[in-house]
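Engineer: This is the structure, below, for whatever I ask next.
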Amino acid sequence: MYTPPFFKPDRAASLKFAEERGFGTMCAFDGHKPIASPLPFYLTYADDGTPQAAFHVARHNPLLKLADGTTSWLLAVNGPDAYVSPDWYVSPDQVPTWLYQSVHLTGPVRLLSDEELVLQIDTLSDKFENWLLPKKPWTSGKMTAGRLEALKKGIVGLVMTVEEVEGSFKLNQHKSDADYTAIANALGAQAHADARDIAQLMQDVRPEAFANETNKLERSVP
């Protein structure tokens, strides 16, 4: 992933972002063309601290043929994104751009055993059920044994050993405070939820810019 230095998050921030999103597009090359599947996942860590992305796919997914433990796969994890109009800048001679967050995890993928798959199913559902609290979490224990076993036969558990972590958080960090706050305010006024999310992220990244803006407004009031 090409990332200018001022948009590049550190490794810890990239992994935290990927784990919190928990959904991405897994991609691999079969020698003739790329293959990709959108899927949920969760991160774990080996004893030596190496990140691992655990997930599963349908048994007939063509990605499975590439899960040999050596072929490198790519997991692309995207966050909110938003278009920026040049008209929103304070400075003249600006161009259209797009703000976004994205992380790429790369590494080989191996198959999980049946026992590991059972743990993965429960861990994955628990991760996302916790997003719905205070709803009582769903667990696989609510299913009949026969139904659960039938469904398990239709999927295959996988885990990626993450060898490379790349991130790009493009939030106009290189712009002046005046342009930065103008863009964030314009995005915050848009109807699209992603635009408002980007606006909030910009405020979180440079709160001092908005504090300075507030101070200037207060000083201008007679």
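Ligands are numbered from 1 in the order shown, residues from 1 within each chain, and chains are lettered A, B, ... in the order they appear in the structure tokens.
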So that I can see what lies close to His56 (chain A), please list as a PyMOL selection string the residues with an atom at most 8 Å from it, counting only C-alpha atoms and leaving out residues fewer than 6 positions away in the same chain.

Structural biologist: chain A and resi 39+41+155-158

Engineer: Give the strand (DSSP E or B) residues of region 75-162 of chain A, as DSSP finds them on the backbone, and put them as a ChimeraX atom specification.

Structural biologist: /A:75-84,97-111,155-161

Engineer: Go ahead and save the picked residues with N, CA, C and O atoms, as a tab-separated table (two decimals), in the first residue's frame.

Structural biologist:
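Listing of out_15.tsv after writing:
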```tsv
chain	number	residue	atom	x	y	z
A	75	LEU	N	-5.39	-9.27	3.49
A	75	LEU	CA	-6.67	-8.92	4.11
A	75	LEU	C	-6.77	-7.40	4.14
A	75	LEU	O	-6.00	-6.72	4.83
A	76	ALA	N	-7.69	-6.84	3.34
A	76	ALA	CA	-7.89	-5.39	3.26
A	76	ALA	C	-9.05	-5.00	4.16
A	76	ALA	O	-10.17	-5.47	3.98
A	77	VAL	N	-8.76	-4.14	5.13
A	77	VAL	CA	-9.76	-3.70	6.11
A	77	VAL	C	-9.99	-2.21	5.93
A	77	VAL	O	-9.06	-1.41	6.11
A	78	ASN	N	-11.20	-1.82	5.56
A	78	ASN	CA	-11.50	-0.42	5.30
A	78	ASN	C	-12.45	0.16	6.33
A	78	ASN	O	-13.33	-0.53	6.85
A	79	GLY	N	-12.26	1.43	6.61
A	79	GLY	CA	-13.14	2.16	7.52
A	79	GLY	C	-14.00	3.13	6.74
A	79	GLY	O	-14.24	2.95	5.54
A	80	PRO	N	-14.45	4.20	7.39
A	80	PRO	CA	-15.27	5.19	6.69
A	80	PRO	C	-14.44	5.94	5.64
A	80	PRO	O	-13.22	6.01	5.74
A	81	ASP	N	-15.13	6.48	4.64
A	81	ASP	CA	-14.45	7.28	3.62
A	81	ASP	C	-15.39	8.39	3.18
A	81	ASP	O	-16.61	8.29	3.35
A	82	ALA	N	-14.81	9.45	2.64
A	82	ALA	CA	-15.64	10.60	2.24
A	82	ALA	C	-14.93	11.44	1.19
A	82	ALA	O	-13.71	11.63	1.25
A	83	TYR	N	-15.71	11.93	0.25
A	83	TYR	CA	-15.21	12.85	-0.78
A	83	TYR	C	-15.08	14.26	-0.21
A	83	TYR	O	-15.92	14.71	0.59
A	84	VAL	N	-14.03	14.96	-0.64
A	84	VAL	CA	-13.80	16.35	-0.21
A	84	VAL	C	-13.82	17.26	-1.43
A	84	VAL	O	-13.05	17.06	-2.38
A	97	THR	N	-10.34	15.49	-3.39
A	97	THR	CA	-9.63	14.36	-2.81
A	97	THR	C	-10.61	13.47	-2.07
A	97	THR	O	-11.81	13.76	-2.01
A	98	TRP	N	-10.10	12.39	-1.52
A	98	TRP	CA	-10.92	11.43	-0.80
A	98	TRP	C	-10.21	11.10	0.50
A	98	TRP	O	-9.02	10.77	0.49
A	99	LEU	N	-10.91	11.18	1.61
A	99	LEU	CA	-10.34	10.84	2.91
A	99	LEU	C	-10.84	9.47	3.33
A	99	LEU	O	-11.99	9.10	3.06
A	100	TYR	N	-10.00	8.72	4.03
A	100	TYR	CA	-10.36	7.33	4.36
A	100	TYR	C	-9.41	6.76	5.41
A	100	TYR	O	-8.36	7.33	5.71
A	101	GLN	N	-9.78	5.58	5.90
A	101	GLN	CA	-8.90	4.75	6.73
A	101	GLN	C	-8.85	3.35	6.12
A	101	GLN	O	-9.89	2.79	5.76
A	102	SER	N	-7.66	2.80	6.03
A	102	SER	CA	-7.52	1.46	5.47
A	102	SER	C	-6.28	0.79	6.03
A	102	SER	O	-5.24	1.44	6.24
A	103	VAL	N	-6.38	-0.53	6.28
A	103	VAL	CA	-5.25	-1.31	6.77
A	103	VAL	C	-5.16	-2.60	5.95
A	103	VAL	O	-6.19	-3.23	5.67
A	104	HIS	N	-3.95	-2.97	5.56
A	104	HIS	CA	-3.71	-4.21	4.85
A	104	HIS	C	-2.85	-5.14	5.71
A	104	HIS	O	-1.79	-4.74	6.19
A	105	LEU	N	-3.34	-6.35	5.91
A	105	LEU	CA	-2.58	-7.38	6.62
A	105	LEU	C	-2.20	-8.46	5.60
A	105	LEU	O	-3.05	-8.92	4.84
A	106	THR	N	-0.94	-8.87	5.61
A	106	THR	CA	-0.44	-9.81	4.61
A	106	THR	C	0.28	-10.97	5.28
A	106	THR	O	1.02	-10.77	6.25
A	107	GLY	N	0.06	-12.18	4.75
A	107	GLY	CA	0.77	-13.34	5.27
A	107	GLY	C	0.17	-14.64	4.77
A	107	GLY	O	-0.89	-14.65	4.13
A	108	PRO	N	0.84	-15.75	5.05
A	108	PRO	CA	0.35	-17.06	4.62
A	108	PRO	C	-0.83	-17.52	5.47
A	108	PRO	O	-1.01	-17.07	6.60
A	109	VAL	N	-1.63	-18.42	4.92
A	109	VAL	CA	-2.84	-18.91	5.58
A	109	VAL	C	-2.81	-20.43	5.65
A	109	VAL	O	-2.43	-21.10	4.68
A	110	ARG	N	-3.21	-20.97	6.80
A	110	ARG	CA	-3.29	-22.42	6.95
A	110	ARG	C	-4.69	-22.82	7.40
A	110	ARG	O	-5.45	-22.00	7.94
A	111	LEU	N	-4.99	-24.10	7.21
A	111	LEU	CA	-6.28	-24.65	7.63
A	111	LEU	C	-6.29	-24.87	9.14
A	111	LEU	O	-5.26	-25.17	9.75
A	155	ILE	N	-18.32	-25.28	6.21
A	155	ILE	CA	-17.31	-24.22	6.29
A	155	ILE	C	-15.96	-24.82	6.67
A	155	ILE	O	-15.87	-25.95	7.17
A	156	VAL	N	-14.92	-24.03	6.43
A	156	VAL	CA	-13.56	-24.44	6.78
A	156	VAL	C	-12.89	-23.30	7.52
A	156	VAL	O	-12.92	-22.15	7.06
A	157	GLY	N	-12.31	-23.59	8.67
A	157	GLY	CA	-11.62	-22.58	9.45
A	157	GLY	C	-10.22	-22.32	8.93
A	157	GLY	O	-9.52	-23.25	8.49
A	158	LEU	N	-9.79	-21.07	8.97
A	158	LEU	CA	-8.48	-20.65	8.47
A	158	LEU	C	-7.86	-19.64	9.42
A	158	LEU	O	-8.56	-18.94	10.16
A	159	VAL	N	-6.54	-19.53	9.37
A	159	VAL	CA	-5.85	-18.50	10.14
A	159	VAL	C	-4.68	-17.97	9.33
A	159	VAL	O	-3.92	-18.73	8.72
A	160	MET	N	-4.56	-16.66	9.28
A	160	MET	CA	-3.44	-15.99	8.61
A	160	MET	C	-2.38	-15.62	9.64
A	160	MET	O	-2.69	-15.02	10.67
A	161	THR	N	-1.14	-15.96	9.36
A	161	THR	CA	-0.01	-15.45	10.15
A	161	THR	C	0.39	-14.12	9.54
A	161	THR	O	0.89	-14.07	8.41
```

Engineer: Skip Thr71 (chain A) itself and residues of its chain fewer than 2 positions away, then list as a list in words all residues within 9 Å of it, counting only C-alpha atoms.

Structural biologist: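 The filter keeps Ala28, Phe29, Leu66, Ala67, Asp68, Gly69, Trp73, Gly107, Pro108 and Val109 of chain A.
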
Engineer: Could you jot down the CA of Asn185 (chain A) to CA of Ala199 (chain A) separation for me, Å, one decimal place?

Structural biologist: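 For CA of Asn185 (chain A) relative to CA of Ala199 (chain A), the distance reads 6.8 Å.
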
Engineer: Separation of CA of Leu119 (chain A) and CA of Phe23 (chain A), in Å?

Structural biologist: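 Straight-line distance from CA of Leu119 (chain A) to CA of Phe23 (chain A) works out to 18.5 Å.
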
Engineer: So the first atom is CA of Asp114 (chain A) and the second is CA of Lys153 (chain A); what is the distance between them in Å, to one decimal place?

Structural biologist: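 Rounded to one decimal, the two atoms are 9.5 Å apart.
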
Engineer: Let me make sure I understand: among A:Ala178, A:Met1, A:Cys27, A:Met143, which one has the smallest atom-to-atom distance to Glu164 (chain A) if we use only C-alpha atoms?

Structural biologist: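 The closest residue to Glu164 (chain A) is A:Met1.
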
Engineer: If you count only C-alpha atoms, which residues fall within 12 Å of Leu148 (chain A), apart from same-chain ones fewer than 5 positions away, as a list in words?

Structural biologist: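 Counting only C-alpha atoms, the residues come to Val118, Ile121, Asp122, Thr139, Ser140, Gly141, Lys142, Met143, Lys153, Gly154 and Ile155 of chain A.
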
Engineer: Keeping N, CA and C atoms, export the residues of the selection given above as a PDB file, in the first residue's frame.

Structural biologist:
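For reference, selection32.pdb as written:
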```
ATOM      1  N   VAL A 118     -14.289 -25.034  16.025  1.00  0.00           N
ATOM      2  CA  VAL A 118     -15.327 -24.859  17.047  1.00  0.00           C
ATOM      3  C   VAL A 118     -15.015 -23.644  17.908  1.00  0.00           C
ATOM      4  N   ILE A 121     -15.583 -20.373  15.840  1.00  0.00           N
ATOM      5  CA  ILE A 121     -16.990 -19.999  15.675  1.00  0.00           C
ATOM      6  C   ILE A 121     -17.493 -19.272  16.913  1.00  0.00           C
ATOM      7  N   ASP A 122     -17.194 -19.815  18.081  1.00  0.00           N
ATOM      8  CA  ASP A 122     -17.664 -19.210  19.324  1.00  0.00           C
ATOM      9  C   ASP A 122     -16.984 -17.872  19.592  1.00  0.00           C
ATOM     10  N   THR A 139     -25.159 -17.672  21.460  1.00  0.00           N
ATOM     11  CA  THR A 139     -24.047 -18.613  21.459  1.00  0.00           C
ATOM     12  C   THR A 139     -24.453 -19.840  20.650  1.00  0.00           C
ATOM     13  N   SER A 140     -23.462 -20.585  20.217  1.00  0.00           N
ATOM     14  CA  SER A 140     -23.755 -21.794  19.442  1.00  0.00           C
ATOM     15  C   SER A 140     -24.495 -22.824  20.288  1.00  0.00           C
ATOM     16  N   GLY A 141     -24.456 -22.663  21.608  1.00  0.00           N
ATOM     17  CA  GLY A 141     -25.181 -23.564  22.490  1.00  0.00           C
ATOM     18  C   GLY A 141     -26.687 -23.481  22.331  1.00  0.00           C
ATOM     19  N   LYS A 142     -27.163 -22.426  21.674  1.00  0.00           N
ATOM     20  CA  LYS A 142     -28.598 -22.287  21.433  1.00  0.00           C
ATOM     21  C   LYS A 142     -29.076 -23.165  20.277  1.00  0.00           C
ATOM     22  N   MET A 143     -28.128 -23.725  19.526  1.00  0.00           N
ATOM     23  CA  MET A 143     -28.491 -24.561  18.379  1.00  0.00           C
ATOM     24  C   MET A 143     -28.552 -26.028  18.795  1.00  0.00           C
ATOM     25  N   LYS A 153     -19.997 -28.552   8.708  1.00  0.00           N
ATOM     26  CA  LYS A 153     -19.494 -29.307   7.565  1.00  0.00           C
ATOM     27  C   LYS A 153     -19.427 -28.449   6.299  1.00  0.00           C
ATOM     28  N   GLY A 154     -20.144 -27.338   6.310  1.00  0.00           N
ATOM     29  CA  GLY A 154     -20.169 -26.484   5.129  1.00  0.00           C
ATOM     30  C   GLY A 154     -19.128 -25.386   5.139  1.00  0.00           C
ATOM     31  N   ILE A 155     -18.324 -25.284   6.208  1.00  0.00           N
ATOM     32  CA  ILE A 155     -17.313 -24.224   6.292  1.00  0.00           C
ATOM     33  C   ILE A 155     -15.959 -24.823   6.670  1.00  0.00           C
TER      34      ILE A 155
END
```
